[in-house]
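Scroll down for the structure; my scribbles are underneath it.
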Amino acid sequence: MSNVANEKIAAYANRLGDDSLIHGHRLSEWCSNGPFLEEDLAMTNVALDYIGRARNFLTYAAELIGGGATEDTLAYERDCLEYTNLLIYELPKGDFAFTTARQYLLDEFELLFLTALCNSEDSTLAAVAEKSLKETRYHLRRSKEWMLRLGNGTEESKEKLQTAVEQLIGYTPELFEVDALEKDLISGGIAVDRAGLEESWRSACEKTFDEAGVNMPQAVWRVKGGRTGFHTEHLGHLLADMQFVQRAYPGCQW
Amino acid sequence: MSNVANEKIAAYANRLGDDSLIHGHRLSEWCSNGPFLEEDLAMTNVALDYIGRARNFLTYAAELIGGGATEDTLAYERDCLEYTNLLIYELPKGDFAFTTARQYLLDEFELLFLTALCNSEDSTLAAVAEKSLKETRYHLRRSKEWMLRLGNGTEESKEKLQTAVEQLIGYTPELFEVDALEKDLISGGIAVDRAGLEESWRSACEKTFDEAGVNMPQAVWRVKGGRTGFHTEHLGHLLADMQFVQRAYPGCQW
Amino acid sequence: MSTMNLNRSQDEAELEAEFQRRIDNEEKIEPKDWMPEAYRKNLIRQISQHAHSEVIGMQPEGNWITRAPSLHRKAVLLAKVQDEAGHGLYLYSAAETLGISREELIDALHTGAAKYASIFNYPSLSWADMGAIGWLVDGAAIVNQVSLQRTSYGPYARGMVRICKEESFHQRQGYHILMTLMEGDERQRKMAQDAVNRFWWPSLMMFGPHDSDSEHSGQSMTWKIKRQSNDELRQKFVDQSVEQAEAIGLTLPDPDLRWNEERGHYDFGEIDWDEFYSVIAGNGHCNRDRVAHHRRAHDEGAWVREALDAYENKRAAARTA
Amino acid sequence: MSTMNLNRSQDEAELEAEFQRRIDNEEKIEPKDWMPEAYRKNLIRQISQHAHSEVIGMQPEGNWITRAPSLHRKAVLLAKVQDEAGHGLYLYSAAETLGISREELIDALHTGAAKYASIFNYPSLSWADMGAIGWLVDGAAIVNQVSLQRTSYGPYARGMVRICKEESFHQRQGYHILMTLMEGDERQRKMAQDAVNRFWWPSLMMFGPHDSDSEHSGQSMTWKIKRQSNDELRQKFVDQSVEQAEAIGLTLPDPDLRWNEERGHYDFGEIDWDEFYSVIAGNGHCNRDRVAHHRRAHDEGAWVREALDAYENKRAAARTA
């Protein structure tokens, strides 16, 4: 494979790794903060899956980048302008309704995305996708169940869930953006055509929203920029905490 | 002055600098978060005074330490086990009642402390004390007024103030601890005998608490360890944020 | 029309004519003076949105106080944000002289009835943004505010004079932050250039649409609320910025930027008005966050304001007893 | 005394004698079996406090998940804390078999009626603390739990078998963290040594007071809830730790630590019991924070639990309809 092609696949794996890492990091913040112990355990379990997924993608990206890059140099040595995750992942965890809504919307997306990625011409990406898909099916069962519980629980839970959805919806269009890099890799059979997933995603979500008695709005406002490092103000603080030890004690083994 | 004496005075100035820096940092977190604009301005004003005070103490400590030390190497290159501030300063800002109670308790202390420090045999410390004392008189007028406003405002404000005091009181005994270093510097006429301030402090505070209709409890539990780097779990996160840029971009001018 | 109505319209017409004469004569209008209702409304809108901008502007900068990379910079940034709170207060006071309360002002901000400068819908993402915001955003604000020092409404004009003094200090500090970065290592230079790349065009947008497209411009100019056109002020800003950028090695992200000997000004590229309107319409990174943040602080502070009121009432009652 | 009371006491005495015979015979007591009320109470206290310890222990470790300095360590720590939540669940279940509800258990934790291991009143201050907590705190817990695998109450014993499997893995990971630090640079070695300096003595305190000073020990031993004495277990822990420390170059902060050939064990210094009782009494760094944190999460989650209940009720109603 050519160097240019390697660079592109590396960038693609890198962004998928960033997505997973930031998502897992946010979920891990629920540790000891859950509404009851079983849910605390469940959420940290999902967080662990995402960290594992991140490690797979970032390790692959690092291999392709070469020159001593590792999953850790990628995770711990880039500042927020160099991170390429989508914005929806970096938003603070919010309350349980926010986390539930975000998780569900992303689980439906990832089900479609990973299913498609299983067919990637790149065997490493396909392998990661297969492993991740098993996890995502489990995540989706859980998050869909929580959508129903909160939507059909009490007035309060329905209201909180609706509020969460209104806060999140404008961050979802970015999931379906295809830039030049991905356009190129799509034609090479390596990347997933995200744009093509939107209709199915919307349709699947609306079914659940309907069952949960919650309105799934159209995105009136939309925010994007993650792939080019144009982040929200949240990511910088996240990374300051996440990277501190490596930054303060550089060049060490842990 | 001997090297040993210099080391001790440096350590003393360093701890006073750490106290001020951490306190100022916590206060600065109110920026754009205050209950109304005038108070936002007032609190960032007090924060600025503390940052200035920290710079004075830390610059002096750095001079005495020598070897290229500066106010910034001290502030940005020590991890939490090396910070020597008292614990009360590093506690999160809490709600407005917590900040008010903490500010008031510390203002009464600093009035006494700085007044005494003005008489230090060390002319630099005395000069910093004099400048700081002017500020603290102003801070105290404000914080005392807020104690009265909250204590004699509504039932809710009184309750919140009482709760805040109960949360803080166990951190105040540490203000009056004299360790070997300070004992030594006290006999040299350089440091303030903190222990000797407790009675007057208590008496002044009780007067205000009485006027505010709030109970000033005795400390049933007490927490200490700041001077030896035995901090609460809060400081590490504070420093991760505060020091991130210097850690991520070491050896630079800003 | 009845005779009374006719008289009233005649009085109104006379008052308006007198008012316009005073305006044309460069006289200042003060709070007690008669003024057309539309003038009052226009001013309330402009002054309050100016005030809201100062207050909302505290957020992207406040975002970097805890992370300021030196104690000197920390102190300077704290002082800057404090100044901005002060500016907000002057301006709220000026608006209040026109018969609107602080509560109404804040409520309008929360509901979105009143806007704030859309530049603050952009996020502050690196330390260099503190430099870019000081140099470019405050720089643009100054160009506007210097012009407003001659605005017809007295309290507003006087507020502008006070604000301009402090604001120019802020701009120099922002420029100095960037200068220090440009004299630093490669990563610092990259950080500075990236910040400028993100804030340049939005700063140009601060001057508003071309005057031909601007809704309020005509009447504002007649009443000398506004003294110079959007495009005039924008040109001034570009001219001063190009040289400042060159002096420290920054590239302004506009390939069409070039000196035009004939005009005696810099030509510059066309602004992406789609982005401008899109951000105003709600697609900026921070639109929701800025208002939500302000609302949250306000709601969390309700008990404090209530306590203050209750206390003041008790004291007033004690005094009159 | 009436004939009925006499009969009841005779029955009671017989039941107690039979119960003790089963205990002495190393038979397991199960939830449906008759047990003295004091035995039930003792177990509820011990099992619930064990559960609360697992749950509260998630806090000092959870404090470092976001700052774990490598993705590998991040994953391992996340898995560890997850295990601890799982342990808490086993133990709450075991306690619930004795006729106490989860709600009562949590309430007791919040009011302070139920305690948790006082070791968790100490703060986690550096990454090395993750090593020290794994190696020493989990290490001490394992020594205790291995012994408890033979406890008389069936559900508790079986819970201990499952927990021990996972806990030994945690201890090895903690030790590995410290080993990696000790093979690192000077600052890392200092960090590791400092963590051990802070956690060594509190870990020894985890075994409780000397048996002569221990309130519950006597009866607990008779009923084989407790199988070995505090001092026996503590000695075992010291013996295993000294060699582990030496192997990676750590110094245990006890100048009186030395091998005693006669006893075949390590002699060690006297524990500062003042500190032990002081921390239990509330003077630890984290006493208030641990409970307040748990309470806050619980309160913030009330609406979620209510929603879950409401939803389950609706579904149950739909099924029976």
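Chains: A, B, ... in order of the structure tokens. Residues: from 1 per chain. Ligands: from 1, in order shown.
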Arg305 (chain D) environment, 10 Å, only C-alpha atoms, sequence neighbours closer than 6 positions dropped, as a list in words =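 Close residues of Arg305 (chain D): Pro35, Phe36, Arg149, Leu150, Gly153 and Ser157 of chain A; His298, Asp299 and Tyr311 of chain D.
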request  = Would you please give, as a PyMOL selection string, all residues of region 12-217 of chain A that DSSP assigns to alpha helix (DSSP H) based on the backbone?
outcome  = chain A and resi 12-28+37-65+71-76+87-90+96-117+123-151+155-168+180-187+198-211
message = For a test of reading the model, state the distance in Å between CA of Ile22 (chain B) and CA of Leu148 (chain B), rounded to one decimal.
response = 26.0 Å
Write down, as an mmCIF file with N, CA and C atoms, in the first residue's frame, each residue of chain B that has any atom within 8 Å of an atom of chain C, counting only C-alpha atoms.
data_model
loop_
_atom_site.group_PDB
_atom_site.id
_atom_site.type_symbol
_atom_site.label_atom_id
_atom_site.label_comp_id
_atom_site.auth_asym_id
_atom_site.auth_seq_id
_atom_site.Cartn_x
_atom_site.Cartn_y
_atom_site.Cartn_z
ATOM 1 N N HIS B 25 -7.140 31.381 42.884
ATOM 2 C CA HIS B 25 -7.586 30.530 41.785
ATOM 3 C C HIS B 25 -9.033 30.095 42.004
ATOM 4 N N SER B 28 -11.361 32.946 41.396
ATOM 5 C CA SER B 28 -11.457 33.301 39.980
ATOM 6 C C SER B 28 -12.462 32.426 39.253
ATOM 7 N N GLU B 29 -12.773 31.257 39.841
ATOM 8 C CA GLU B 29 -13.739 30.365 39.201
ATOM 9 C C GLU B 29 -15.155 30.948 39.226
ATOM 10 N N CYS B 31 -15.847 33.812 38.041
ATOM 11 C CA CYS B 31 -15.962 34.694 36.886
ATOM 12 C C CYS B 31 -17.064 34.223 35.951
ATOM 13 N N SER B 32 -18.027 35.091 35.672
ATOM 14 C CA SER B 32 -19.209 34.835 34.851
ATOM 15 C C SER B 32 -20.183 33.853 35.512
ATOM 16 N N ASN B 33 -19.947 33.551 36.784
ATOM 17 C CA ASN B 33 -20.832 32.628 37.500
ATOM 18 C C ASN B 33 -21.491 33.255 38.721
ATOM 19 N N GLY B 34 -21.251 34.533 38.921
ATOM 20 C CA GLY B 34 -21.765 35.197 40.111
ATOM 21 C C GLY B 34 -23.276 35.391 40.089
ATOM 22 N N PRO B 35 -23.866 35.665 41.263
ATOM 23 C CA PRO B 35 -25.316 35.829 41.355
ATOM 24 C C PRO B 35 -25.834 37.101 40.669
ATOM 25 N N PHE B 36 -24.992 38.076 40.473
ATOM 26 C CA PHE B 36 -25.327 39.247 39.662
ATOM 27 C C PHE B 36 -24.023 39.937 39.283
ATOM 28 N N LEU B 37 -24.093 40.783 38.306
ATOM 29 C CA LEU B 37 -22.884 41.293 37.675
ATOM 30 C C LEU B 37 -21.953 42.045 38.640
ATOM 31 N N GLU B 38 -22.531 42.851 39.523
ATOM 32 C CA GLU B 38 -21.695 43.620 40.448
ATOM 33 C C GLU B 38 -20.870 42.691 41.336
ATOM 34 N N ASP B 40 -20.014 39.560 40.582
ATOM 35 C CA ASP B 40 -19.049 38.903 39.714
ATOM 36 C C ASP B 40 -17.789 39.751 39.673
ATOM 37 N N LEU B 41 -17.991 41.033 39.436
ATOM 38 C CA LEU B 41 -16.884 41.979 39.364
ATOM 39 C C LEU B 41 -16.146 42.018 40.698
ATOM 40 N N THR B 44 -14.039 38.792 41.333
ATOM 41 C CA THR B 44 -12.833 38.670 40.516
ATOM 42 C C THR B 44 -11.814 39.718 40.960
ATOM 43 N N ASN B 45 -12.301 40.797 41.532
ATOM 44 C CA ASN B 45 -11.415 41.812 42.080
ATOM 45 C C ASN B 45 -10.632 41.241 43.268
ATOM 46 N N ALA B 47 -10.152 38.100 43.801
ATOM 47 C CA ALA B 47 -9.280 37.057 43.234
ATOM 48 C C ALA B 47 -7.982 37.669 42.733
ATOM 49 N N LEU B 48 -8.111 38.790 42.069
ATOM 50 C CA LEU B 48 -6.946 39.466 41.508
ATOM 51 C C LEU B 48 -5.989 39.894 42.626
ATOM 52 N N ILE B 51 -4.048 36.856 43.631
ATOM 53 C CA ILE B 51 -3.030 36.468 42.648
ATOM 54 C C ILE B 51 -1.824 37.390 42.804
ATOM 55 N N GLY B 52 -2.106 38.668 42.997
ATOM 56 C CA GLY B 52 -1.023 39.624 43.200
ATOM 57 C C GLY B 52 -0.222 39.299 44.446
ATOM 58 N N ARG B 55 1.942 36.349 43.794
ATOM 59 C CA ARG B 55 3.113 36.696 42.988
ATOM 60 C C ARG B 55 4.190 37.314 43.870
ATOM 61 N N GLU B 71 8.590 32.819 40.065
ATOM 62 C CA GLU B 71 7.212 32.651 40.541
ATOM 63 C C GLU B 71 6.514 31.596 39.702
ATOM 64 N N ASP B 72 6.815 31.541 38.434
ATOM 65 C CA ASP B 72 6.143 30.602 37.547
ATOM 66 C C ASP B 72 6.669 29.176 37.660
ATOM 67 N N ALA B 75 4.910 27.998 40.672
ATOM 68 C CA ALA B 75 3.469 27.795 40.508
ATOM 69 C C ALA B 75 3.132 26.657 39.560
ATOM 70 N N TYR B 76 3.926 26.507 38.506
ATOM 71 C CA TYR B 76 3.538 25.591 37.425
ATOM 72 C C TYR B 76 4.307 24.286 37.353
ATOM 73 N N PHE B 96 -22.587 30.086 46.821
ATOM 74 C CA PHE B 96 -22.228 31.427 47.260
ATOM 75 C C PHE B 96 -22.127 31.516 48.783
ATOM 76 N N ARG B 149 -25.867 39.807 55.430
ATOM 77 C CA ARG B 149 -26.924 39.723 54.427
ATOM 78 C C ARG B 149 -27.504 38.319 54.342
ATOM 79 N N LEU B 150 -26.620 37.319 54.300
ATOM 80 C CA LEU B 150 -27.090 35.948 54.166
ATOM 81 C C LEU B 150 -27.680 35.426 55.477
ATOM 82 N N ASN B 152 -29.065 37.209 57.856
ATOM 83 C CA ASN B 152 -30.299 37.921 58.168
ATOM 84 C C ASN B 152 -31.165 38.188 56.946
ATOM 85 N N GLY B 153 -30.955 37.416 55.904
ATOM 86 C CA GLY B 153 -31.720 37.621 54.684
ATOM 87 C C GLY B 153 -33.017 36.835 54.722
ATOM 88 N N THR B 154 -32.955 35.622 54.173
ATOM 89 C CA THR B 154 -34.127 34.752 54.188
ATOM 90 C C THR B 154 -33.801 33.491 54.997
ATOM 91 N N GLU B 156 -33.849 30.595 53.833
ATOM 92 C CA GLU B 156 -33.011 29.786 52.944
ATOM 93 C C GLU B 156 -31.548 30.214 53.015
ATOM 94 N N SER B 157 -31.306 31.518 52.989
ATOM 95 C CA SER B 157 -29.920 31.962 52.982
ATOM 96 C C SER B 157 -29.257 31.661 54.322
ATOM 97 N N ASP B 241 -5.664 21.406 35.629
ATOM 98 C CA ASP B 241 -6.207 22.459 34.781
ATOM 99 C C ASP B 241 -5.232 23.647 34.747
ATOM 100 N N MET B 242 -4.819 24.098 35.929
ATOM 101 C CA MET B 242 -4.009 25.305 36.050
ATOM 102 C C MET B 242 -2.673 25.185 35.312
ATOM 103 N N GLN B 243 -2.047 24.025 35.408
ATOM 104 C CA GLN B 243 -0.699 23.868 34.884
ATOM 105 C C GLN B 243 -0.634 23.301 33.478
ATOM 106 N N PHE B 244 -1.789 22.956 32.902
ATOM 107 C CA PHE B 244 -1.776 22.188 31.657
ATOM 108 C C PHE B 244 -0.944 22.809 30.549
ATOM 109 N N VAL B 245 -1.141 24.098 30.295
ATOM 110 C CA VAL B 245 -0.461 24.700 29.148
ATOM 111 C C VAL B 245 1.060 24.657 29.326
ATOM 112 N N GLN B 246 1.513 25.018 30.522
ATOM 113 C CA GLN B 246 2.959 24.953 30.768
ATOM 114 C C GLN B 246 3.479 23.528 30.668
ATOM 115 N N TYR B 249 3.453 22.501 26.947
ATOM 116 C CA TYR B 249 4.378 23.286 26.122
ATOM 117 C C TYR B 249 5.504 23.784 27.017
ATOM 118 N N CYS B 252 8.693 27.323 27.567
ATOM 119 C CA CYS B 252 8.321 28.437 26.684
ATOM 120 C C CYS B 252 8.064 29.717 27.469
ATOM 121 N N GLN B 253 8.109 30.825 26.751
ATOM 122 C CA GLN B 253 7.712 32.113 27.310
ATOM 123 C C GLN B 253 6.253 32.360 26.954
ATOM 124 N N TRP B 254 5.546 32.970 27.836
ATOM 125 C CA TRP B 254 4.130 33.230 27.561
ATOM 126 C C TRP B 254 3.778 34.708 27.650
#
Residues at most 12 Å from Arg141 (chain B), counting only C-alpha atoms, excluding those fewer than 3 positions away in the same chain, as a PDB file with N, CA and C atoms, in the first residue's frame?
ATOM      1  N   VAL B  46     -11.345  40.568  44.150  1.00  0.00           N
ATOM      2  CA  VAL B  46     -10.687  39.941  45.294  1.00  0.00           C
ATOM      3  C   VAL B  46      -9.719  38.859  44.807  1.00  0.00           C
ATOM      4  N   THR B 100     -18.789  32.676  50.686  1.00  0.00           N
ATOM      5  CA  THR B 100     -18.915  33.778  51.637  1.00  0.00           C
ATOM      6  C   THR B 100     -18.352  33.394  53.001  1.00  0.00           C
ATOM      7  N   GLN B 103     -14.586  32.967  52.829  1.00  0.00           N
ATOM      8  CA  GLN B 103     -13.930  34.266  52.675  1.00  0.00           C
ATOM      9  C   GLN B 103     -13.921  35.021  53.998  1.00  0.00           C
ATOM     10  N   TYR B 104     -15.060  35.002  54.677  1.00  0.00           N
ATOM     11  CA  TYR B 104     -15.142  35.738  55.928  1.00  0.00           C
ATOM     12  C   TYR B 104     -14.193  35.168  56.987  1.00  0.00           C
ATOM     13  N   ASP B 107     -10.770  36.125  56.012  1.00  0.00           N
ATOM     14  CA  ASP B 107     -10.488  37.561  56.106  1.00  0.00           C
ATOM     15  C   ASP B 107     -10.192  37.961  57.549  1.00  0.00           C
ATOM     16  N   GLU B 108     -10.975  37.427  58.484  1.00  0.00           N
ATOM     17  CA  GLU B 108     -10.700  37.740  59.897  1.00  0.00           C
ATOM     18  C   GLU B 108      -9.318  37.219  60.284  1.00  0.00           C
ATOM     19  N   LEU B 111      -6.579  39.374  58.581  1.00  0.00           N
ATOM     20  CA  LEU B 111      -6.440  40.686  59.206  1.00  0.00           C
ATOM     21  C   LEU B 111      -5.439  40.587  60.354  1.00  0.00           C
ATOM     22  N   LYS B 134      -3.999  46.305  53.412  1.00  0.00           N
ATOM     23  CA  LYS B 134      -4.951  47.284  52.865  1.00  0.00           C
ATOM     24  C   LYS B 134      -6.069  46.564  52.128  1.00  0.00           C
ATOM     25  N   GLU B 135      -5.662  45.593  51.309  1.00  0.00           N
ATOM     26  CA  GLU B 135      -6.645  44.835  50.524  1.00  0.00           C
ATOM     27  C   GLU B 135      -7.557  44.039  51.452  1.00  0.00           C
ATOM     28  N   THR B 136      -6.948  43.388  52.434  1.00  0.00           N
ATOM     29  CA  THR B 136      -7.729  42.515  53.315  1.00  0.00           C
ATOM     30  C   THR B 136      -8.751  43.307  54.139  1.00  0.00           C
ATOM     31  N   ARG B 137      -8.422  44.524  54.525  1.00  0.00           N
ATOM     32  CA  ARG B 137      -9.413  45.348  55.240  1.00  0.00           C
ATOM     33  C   ARG B 137     -10.643  45.547  54.365  1.00  0.00           C
ATOM     34  N   TYR B 138     -10.400  45.766  53.092  1.00  0.00           N
ATOM     35  CA  TYR B 138     -11.495  45.938  52.146  1.00  0.00           C
ATOM     36  C   TYR B 138     -12.259  44.627  51.948  1.00  0.00           C
ATOM     37  N   LYS B 144     -17.848  40.526  55.650  1.00  0.00           N
ATOM     38  CA  LYS B 144     -18.661  40.661  56.865  1.00  0.00           C
ATOM     39  C   LYS B 144     -20.074  41.085  56.481  1.00  0.00           C
ATOM     40  N   GLU B 145     -20.159  42.032  55.543  1.00  0.00           N
ATOM     41  CA  GLU B 145     -21.469  42.496  55.078  1.00  0.00           C
ATOM     42  C   GLU B 145     -22.261  41.336  54.477  1.00  0.00           C
ATOM     43  N   TRP B 146     -21.602  40.487  53.710  1.00  0.00           N
ATOM     44  CA  TRP B 146     -22.292  39.346  53.118  1.00  0.00           C
ATOM     45  C   TRP B 146     -22.722  38.329  54.165  1.00  0.00           C
ATOM     46  N   MET B 147     -21.931  38.176  55.217  1.00  0.00           N
ATOM     47  CA  MET B 147     -22.332  37.270  56.302  1.00  0.00           C
ATOM     48  C   MET B 147     -23.663  37.766  56.877  1.00  0.00           C
ATOM     49  N   LEU B 148     -23.755  39.068  57.083  1.00  0.00           N
ATOM     50  CA  LEU B 148     -24.968  39.644  57.664  1.00  0.00           C
ATOM     51  C   LEU B 148     -26.140  39.541  56.687  1.00  0.00           C
ATOM     52  N   THR B 208     -19.596  38.416  64.715  1.00  0.00           N
ATOM     53  CA  THR B 208     -20.293  38.528  63.443  1.00  0.00           C
ATOM     54  C   THR B 208     -21.337  37.422  63.276  1.00  0.00           C
TER      55      THR B 208
END
Counting only C-alpha atoms, collect the residues of chain A whose closest atom lies at most 8 Å from chain B, and write them out as a CSV table (one decimal) with all heavy atoms, in the first residue's frame.
chain,number,residue,atom,x,y,z
A,77,GLU,N,-0.5,13.0,23.6
A,77,GLU,CA,0.4,14.1,23.2
A,77,GLU,C,-0.2,15.0,22.2
A,77,GLU,O,0.5,15.8,21.6
A,77,GLU,CB,1.7,13.5,22.7
A,77,GLU,CG,2.5,12.8,23.8
A,77,GLU,CD,3.8,12.2,23.4
A,77,GLU,OE1,4.3,12.5,22.2
A,77,GLU,OE2,4.4,11.3,24.1
A,237,HIS,N,-10.7,21.1,28.5
A,237,HIS,CA,-10.6,20.8,30.0
A,237,HIS,C,-10.5,19.3,30.2
A,237,HIS,O,-9.9,18.8,31.1
A,237,HIS,CB,-11.9,21.4,30.7
A,237,HIS,CG,-11.9,22.9,30.7
A,237,HIS,ND1,-11.2,23.6,31.6
A,237,HIS,CD2,-12.6,23.8,30.0
A,237,HIS,CE1,-11.4,24.9,31.4
A,237,HIS,NE2,-12.3,25.0,30.4
A,240,ALA,N,-7.0,18.3,29.6
A,240,ALA,CA,-6.1,18.8,30.7
A,240,ALA,C,-6.1,17.8,31.8
A,240,ALA,O,-5.0,17.5,32.3
A,240,ALA,CB,-6.6,20.2,31.2
A,241,ASP,N,-7.2,17.3,32.1
A,241,ASP,CA,-7.3,16.3,33.2
A,241,ASP,C,-6.7,14.9,32.7
A,241,ASP,O,-5.8,14.4,33.3
A,241,ASP,CB,-8.8,16.1,33.6
A,241,ASP,CG,-8.9,15.6,35.0
A,241,ASP,OD1,-8.4,16.2,35.9
A,241,ASP,OD2,-9.6,14.6,35.2
A,244,PHE,N,-2.8,15.0,32.1
A,244,PHE,CA,-1.9,15.7,33.0
A,244,PHE,C,-0.7,14.9,33.4
A,244,PHE,O,0.5,15.4,33.4
A,244,PHE,CB,-2.6,16.2,34.3
A,244,PHE,CG,-1.7,16.9,35.2
A,244,PHE,CD1,-1.3,18.2,34.9
A,244,PHE,CD2,-1.2,16.3,36.3
A,244,PHE,CE1,-0.5,18.9,35.8
A,244,PHE,CE2,-0.3,16.9,37.2
A,244,PHE,CZ,0.0,18.3,36.9
A,247,ARG,N,1.9,14.6,30.7
A,247,ARG,CA,2.5,15.9,30.4
A,247,ARG,C,3.5,16.3,31.5
A,247,ARG,O,4.5,16.9,31.3
A,247,ARG,CB,1.4,17.0,30.3
A,247,ARG,CG,0.3,16.7,29.2
A,247,ARG,CD,0.9,16.9,27.9
A,247,ARG,NE,-0.2,17.1,26.9
A,247,ARG,CZ,0.1,17.4,25.6
A,247,ARG,NH1,1.3,17.5,25.1
A,247,ARG,NH2,-1.0,17.5,24.8
A,248,ALA,N,3.1,16.1,32.8
A,248,ALA,CA,3.9,16.5,33.9
A,248,ALA,C,5.1,15.6,34.1
A,248,ALA,O,6.1,16.0,34.6
A,248,ALA,CB,3.1,16.5,35.2
Long-range neighbours of region 223-225 of chain C as a compact mmCIF listing (two decimals) with C-alpha atoms, in the first residue's frame, 8 Å cut-off, only C-alpha atoms, 5 positions minimum in chain:
# COMPACT_ATOMS: atom_id res chain seq x y z
CA GLN C 20 -33.59 66.55 15.04
CA ILE C 23 -29.05 66.17 16.83
CA TYR C 39 -35.12 56.63 19.19
CA LEU C 43 -31.00 52.96 21.82
CA LEU C 148 -19.52 55.85 19.31
CA THR C 151 -23.00 59.15 19.63
CA SER C 152 -25.92 61.47 20.29
CA TYR C 153 -27.14 59.95 23.57
key: CA of Trp135 (chain C) to CA of Glu246 (chain C), distance in Å rounded to a single decimal   = 13.5 Å
query = Taking into account only C-alpha atoms, which residue in the set C:Ala192, C:Ile248, C:Leu204, C:Leu98 is nearest to Asn230 (chain C)?
reply =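 Among C:Ala192, C:Ile248, C:Leu204, C:Leu98, it is C:Leu204 that comes nearest to Asn230 (chain C).
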query = Counting only C-alpha atoms, what is within 9 Å of Asp254 (chain C), bar same-chain residues fewer than 3 positions away, as a list in words?
reply =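 In the requested form, the answer reads Trp200, Trp201, Thr251, Leu257, Phe268 and Gly269 of chain C.
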Same residues, N, CA, C and O atoms, saved as an mmCIF file, in the first residue's frame:
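Output saved as selection.cif:
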data_model
loop_
_atom_site.group_PDB
_atom_site.id
_atom_site.type_symbol
_atom_site.label_atom_id
_atom_site.label_comp_id
_atom_site.auth_asym_id
_atom_site.auth_seq_id
_atom_site.Cartn_x
_atom_site.Cartn_y
_atom_site.Cartn_z
ATOM 1 N N TRP C 200 -10.154 35.864 12.544
ATOM 2 C CA TRP C 200 -10.065 37.006 11.631
ATOM 3 C C TRP C 200 -11.393 37.359 10.987
ATOM 4 O O TRP C 200 -11.903 38.477 11.166
ATOM 5 N N TRP C 201 -11.944 36.389 10.244
ATOM 6 C CA TRP C 201 -13.186 36.695 9.527
ATOM 7 C C TRP C 201 -14.337 37.018 10.482
ATOM 8 O O TRP C 201 -15.070 37.994 10.249
ATOM 9 N N THR C 251 0.057 35.739 9.432
ATOM 10 C CA THR C 251 -0.577 35.835 8.127
ATOM 11 C C THR C 251 -2.077 35.927 8.325
ATOM 12 O O THR C 251 -2.660 35.075 8.998
ATOM 13 N N LEU C 257 -6.150 39.922 0.248
ATOM 14 C CA LEU C 257 -5.727 41.115 0.980
ATOM 15 C C LEU C 257 -4.559 41.774 0.244
ATOM 16 O O LEU C 257 -3.529 41.156 0.019
ATOM 17 N N PHE C 268 -9.761 43.782 0.519
ATOM 18 C CA PHE C 268 -9.830 42.475 1.169
ATOM 19 C C PHE C 268 -10.967 41.664 0.585
ATOM 20 O O PHE C 268 -11.835 42.187 -0.120
ATOM 21 N N GLY C 269 -10.936 40.369 0.882
ATOM 22 C CA GLY C 269 -11.865 39.427 0.286
ATOM 23 C C GLY C 269 -13.293 39.599 0.776
ATOM 24 O O GLY C 269 -13.558 40.327 1.725
#
key: Separation of CA of Phe120 (chain D) from CA of Gln219 (chain D), in Å and rounded to one decimal   = 26.6 Å
task = Please give the complete set of residues from region 209-288 of chain D that DSSP, run on the backbone, assigns to strand (DSSP E), formatted as an MDAnalysis selection string.
result = chainID D and resid 258:260 265:267
key: All residues 6 Å or closer to Leu117 (chain B), only C-alpha atoms, same chain fewer than 3 positions away omitted, as a PyMOL selection string   = chain B and resi 114+120+126+129+192
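The smallest atom-to-atom distance between Asn14 (chain A) and any of A:Cys205, A:Leu87, A:Ala97, A:Leu125, using only C-alpha atoms, is found for A:Leu125.
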